[in-house]
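> To start, I am sharing the structure in question, which I have written as structure tokens.
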Amino acid sequence: MLNNKELRKEIAWMTWHSKEGHIPSAYSILDLVSFLYDGFLNIDYKNFKSELRDYFVLSKGHGCSALYAVLKKKGVISQKDLEDKNKEFAKLATHPDRTKVPGVEASTGSLGNGIGFALGIALGLKIDKKNNKVITIIGDAESNEGTVWECSLLASHLKLGNLCVILDYNRSCDPTLPLPNPKTKWEAFGWNTSEINGHNLEEIQETMNGLDFSLDSKPKIIIANTIKGKGVKDMENNYGAWHSKVPNDEELKKINQDIDNYEQ
């Protein structure tokens, strides 16, 4: 099992070192991403082009430091890659690039587009009668994009049972344009819906393992209740101050101390 405390420290260091990033958004999804890559997704880490692979699309691309940290622990990218993040011609940037990072299925960052990539992949697989899983993580603020709801209607109409959306429901859009009752909304669009604590690994595992990915089932969405900045006291739900803030030396030390005391 991946050590998520270590991954959180890696994310903070990466942001401090590169002077750019979105730590709270990465912490919000880290427990979900680490679970997916720690055995749930069928992935050959030596052959990311395998036709047998499952597909993951990080639609909320600004949270990609979580994905980078996981891929580094899996040996896909190196410590040097992390050190070079955001430098000219570097492999890693503030948003993931499918042409540079092994295993990244879609270049994302423009909110609302990742779910469309995932839908297209799922439809192509269904046409070919392949049962590979397709999973995408979207944000609640991202759900203010119309493409999210257009895709939800289309996926339901096409009965894309191989598609699962995870909604990172960290309520970061509450101060501006809230997304109340997302479970009810997605049910109305014809999706199989579940709701979990997105930081509870037992809940994540039980729910994900119980999903029916057969091609004739409904598309699935998991409403993952999360905390933006989870694990760092001053950062949790501190939307304005920490969204894209880079920690200084003292703040990095405090972040690491909070993580050491964090109860998984």
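Residue numbers start at 1 in each chain; chains themselves are named A, B, ... in the order of the structure tokens; ligands are numbered from 1 in the order shown.
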Give me, as a ChimeraX atom specification, all polymer residues having an atom no more than 12 Å from Ile115 in chain A, counting only C-alpha atoms and skipping those fewer than 4 positions away in the same chain.

/A:56-61,105-111,119-122,134-139,142-143,145-155,163-167,221

> Go through range 46-146 of chain A and collect every residue that DSSP, computed from the backbone, puts in strand (DSSP E); the answer should be as a PyMOL selection string.

chain A and resi 55-58+134-139

> Could you take the residues named above and write them with all heavy atoms, as a PDB file, in the first residue's frame?


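Output below, filename again36.pdb:
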ATOM      1  N   TYR A  55      -8.241   2.847 -18.112  1.00  0.00           N
ATOM      2  CA  TYR A  55      -7.915   4.231 -18.452  1.00  0.00           C
ATOM      3  C   TYR A  55      -8.299   5.167 -17.302  1.00  0.00           C
ATOM      4  O   TYR A  55      -9.389   5.052 -16.747  1.00  0.00           O
ATOM      5  CB  TYR A  55      -8.670   4.667 -19.711  1.00  0.00           C
ATOM      6  CG  TYR A  55      -8.265   3.932 -20.969  1.00  0.00           C
ATOM      7  CD1 TYR A  55      -8.719   2.634 -21.223  1.00  0.00           C
ATOM      8  CD2 TYR A  55      -7.432   4.534 -21.912  1.00  0.00           C
ATOM      9  CE1 TYR A  55      -8.349   1.959 -22.369  1.00  0.00           C
ATOM     10  CE2 TYR A  55      -7.061   3.867 -23.070  1.00  0.00           C
ATOM     11  CZ  TYR A  55      -7.521   2.582 -23.293  1.00  0.00           C
ATOM     12  OH  TYR A  55      -7.157   1.919 -24.444  1.00  0.00           O
ATOM     13  N   PHE A  56      -7.393   6.096 -16.990  1.00  0.00           N
ATOM     14  CA  PHE A  56      -7.689   7.119 -15.992  1.00  0.00           C
ATOM     15  C   PHE A  56      -7.439   8.493 -16.595  1.00  0.00           C
ATOM     16  O   PHE A  56      -6.381   8.744 -17.173  1.00  0.00           O
ATOM     17  CB  PHE A  56      -6.813   6.950 -14.752  1.00  0.00           C
ATOM     18  CG  PHE A  56      -6.962   8.080 -13.763  1.00  0.00           C
ATOM     19  CD1 PHE A  56      -8.153   8.263 -13.073  1.00  0.00           C
ATOM     20  CD2 PHE A  56      -5.915   8.971 -13.536  1.00  0.00           C
ATOM     21  CE1 PHE A  56      -8.305   9.319 -12.171  1.00  0.00           C
ATOM     22  CE2 PHE A  56      -6.048  10.022 -12.644  1.00  0.00           C
ATOM     23  CZ  PHE A  56      -7.249  10.195 -11.965  1.00  0.00           C
ATOM     24  N   VAL A  57      -8.432   9.374 -16.450  1.00  0.00           N
ATOM     25  CA  VAL A  57      -8.315  10.747 -16.934  1.00  0.00           C
ATOM     26  C   VAL A  57      -8.521  11.682 -15.751  1.00  0.00           C
ATOM     27  O   VAL A  57      -9.584  11.659 -15.122  1.00  0.00           O
ATOM     28  CB  VAL A  57      -9.353  11.049 -18.036  1.00  0.00           C
ATOM     29  CG1 VAL A  57      -9.294  12.522 -18.435  1.00  0.00           C
ATOM     30  CG2 VAL A  57      -9.121  10.156 -19.248  1.00  0.00           C
ATOM     31  N   LEU A  58      -7.514  12.491 -15.463  1.00  0.00           N
ATOM     32  CA  LEU A  58      -7.629  13.483 -14.393  1.00  0.00           C
ATOM     33  C   LEU A  58      -8.193  14.759 -15.004  1.00  0.00           C
ATOM     34  O   LEU A  58      -7.452  15.597 -15.520  1.00  0.00           O
ATOM     35  CB  LEU A  58      -6.274  13.741 -13.741  1.00  0.00           C
ATOM     36  CG  LEU A  58      -6.260  14.754 -12.593  1.00  0.00           C
ATOM     37  CD1 LEU A  58      -7.182  14.320 -11.462  1.00  0.00           C
ATOM     38  CD2 LEU A  58      -4.848  14.978 -12.086  1.00  0.00           C
ATOM     39  N   VAL A 134     -12.943   2.750 -17.520  1.00  0.00           N
ATOM     40  CA  VAL A 134     -12.547   4.137 -17.767  1.00  0.00           C
ATOM     41  C   VAL A 134     -13.007   4.971 -16.573  1.00  0.00           C
ATOM     42  O   VAL A 134     -14.198   5.006 -16.255  1.00  0.00           O
ATOM     43  CB  VAL A 134     -13.178   4.697 -19.058  1.00  0.00           C
ATOM     44  CG1 VAL A 134     -12.693   6.136 -19.300  1.00  0.00           C
ATOM     45  CG2 VAL A 134     -12.855   3.804 -20.250  1.00  0.00           C
ATOM     46  N   ILE A 135     -12.053   5.634 -15.912  1.00  0.00           N
ATOM     47  CA  ILE A 135     -12.368   6.408 -14.711  1.00  0.00           C
ATOM     48  C   ILE A 135     -11.827   7.820 -14.872  1.00  0.00           C
ATOM     49  O   ILE A 135     -10.698   8.013 -15.340  1.00  0.00           O
ATOM     50  CB  ILE A 135     -11.769   5.739 -13.462  1.00  0.00           C
ATOM     51  CG1 ILE A 135     -12.412   4.359 -13.252  1.00  0.00           C
ATOM     52  CG2 ILE A 135     -11.967   6.611 -12.218  1.00  0.00           C
ATOM     53  CD1 ILE A 135     -11.815   3.561 -12.121  1.00  0.00           C
ATOM     54  N   THR A 136     -12.632   8.797 -14.490  1.00  0.00           N
ATOM     55  CA  THR A 136     -12.180  10.176 -14.516  1.00  0.00           C
ATOM     56  C   THR A 136     -12.553  10.869 -13.212  1.00  0.00           C
ATOM     57  O   THR A 136     -13.587  10.559 -12.616  1.00  0.00           O
ATOM     58  CB  THR A 136     -12.786  10.940 -15.719  1.00  0.00           C
ATOM     59  OG1 THR A 136     -12.278  12.277 -15.743  1.00  0.00           O
ATOM     60  CG2 THR A 136     -14.303  10.990 -15.658  1.00  0.00           C
ATOM     61  N   ILE A 137     -11.695  11.760 -12.755  1.00  0.00           N
ATOM     62  CA  ILE A 137     -11.982  12.577 -11.579  1.00  0.00           C
ATOM     63  C   ILE A 137     -12.273  13.997 -12.036  1.00  0.00           C
ATOM     64  O   ILE A 137     -11.470  14.603 -12.757  1.00  0.00           O
ATOM     65  CB  ILE A 137     -10.808  12.580 -10.584  1.00  0.00           C
ATOM     66  CG1 ILE A 137     -10.623  11.184  -9.967  1.00  0.00           C
ATOM     67  CG2 ILE A 137     -11.047  13.603  -9.470  1.00  0.00           C
ATOM     68  CD1 ILE A 137      -9.486  11.105  -8.954  1.00  0.00           C
ATOM     69  N   ILE A 138     -13.430  14.503 -11.629  1.00  0.00           N
ATOM     70  CA  ILE A 138     -13.806  15.882 -11.930  1.00  0.00           C
ATOM     71  C   ILE A 138     -13.969  16.637 -10.612  1.00  0.00           C
ATOM     72  O   ILE A 138     -14.096  16.032  -9.546  1.00  0.00           O
ATOM     73  CB  ILE A 138     -15.107  15.961 -12.757  1.00  0.00           C
ATOM     74  CG1 ILE A 138     -16.311  15.478 -11.925  1.00  0.00           C
ATOM     75  CG2 ILE A 138     -14.988  15.147 -14.033  1.00  0.00           C
ATOM     76  CD1 ILE A 138     -17.651  15.682 -12.618  1.00  0.00           C
ATOM     77  N   GLY A 139     -13.983  17.963 -10.685  1.00  0.00           N
ATOM     78  CA  GLY A 139     -14.161  18.780  -9.494  1.00  0.00           C
ATOM     79  C   GLY A 139     -15.566  19.322  -9.390  1.00  0.00           C
ATOM     80  O   GLY A 139     -16.319  19.340 -10.366  1.00  0.00           O
TER      81      GLY A 139
END

> Neighbouring residues of range 23-38 of chain A were defined as those with any atom within 9 Å, considering only C-alpha atoms; residues of the same chain fewer than 2 positions away were excluded. Please report them as a PyMOL selection string.

chain A and resi 1-4+7-8+11-12+15+21+40-43+56+60+62-67+70-71+74+137+166+168-170+198-201+204-205+224+226-232+235-239+242-246

> Kindly indicate which residue among A:Lys183, A:Lys49, A:Lys233, A:His17 lies nearest to Lys80 in chain A, using only C-alpha atoms for the distances.

A:His17

> Find the residues near Asp216 in chain A: any atom within 9 Å, counting only C-alpha atoms, skip ones fewer than 3 places away on the same chain, and give them as an MDAnalysis selection string.

chainID A and resid 159:162 213

> So how far away is CA of Pro175 in chain A from CA of Glu10 in chain A, in Å?

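Separation between CA of Glu10 in chain A and CA of Pro175 in chain A: 29.4 Å.
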
> Which residue out of A:Asn144, A:Asn47, A:Ser18, A:Thr193 has the minimum interatomic distance to Glu88 in chain A when only C-alpha atoms are used?

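The closest residue to Glu88 in chain A is A:Ser18.
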
> Please provide the set of residues having any atom within 10 Å of Lys130 in chain A, restricted to only C-alpha atoms, with same-chain residues fewer than 6 positions apart removed, written as a list of chain:residue names.

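Skipping anything fewer than 6 positions along the chain leaves A:Glu51, A:Leu52, A:Ala122, A:Leu123, A:Gly124, A:Asn162, A:Ser214, A:Leu215.
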
> So which one's closest to His22 in chain A, A:Ser217, A:Thr94, A:Asn86, A:Thr99? Using only C-alpha atoms, please.

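For His22 in chain A, the nearest of the candidates is A:Thr94.
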
> Provide the CA of Gly103 in chain A to CA of Gly75 in chain A distance in Å, to one decimal place.

11.7 Å

> Under the rule that only C-alpha atoms are counted, which of A:Trp13, A:Trp186, A:Phe48, A:Tyr68 is the nearest residue to Asp97 in chain A?

A:Tyr68

> Which residue out of A:Ile259, A:Ile77, A:Leu158, A:Leu179 has the minimum interatomic distance to Pro102 in chain A when only C-alpha atoms are used?

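Closest to Pro102 in chain A, using only C-alpha atoms: A:Ile77.
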
> One decimal, in Å: what's the spacing between CA of Asn225 in chain A and CA of Asn256 in chain A?

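CA of Asn256 in chain A lies 23.8 Å from CA of Asn225 in chain A.
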
> Which of range 148-204 of chain A end up as helix (DSSP H, G or I) when DSSP is run on this backbone - answer as a list in words?

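Here are the helix (DSSP H, G or I) residues of range 148-204 of chain A: Val148, Trp149, Glu150, Cys151, Ser152, Leu153, Leu154, Ala155, Ser156, His157, Leu158, Pro182, Lys183, Thr184, Lys185, Trp186, Glu187, Ala188, Leu201, Glu202, Glu203 and Ile204 of chain A.
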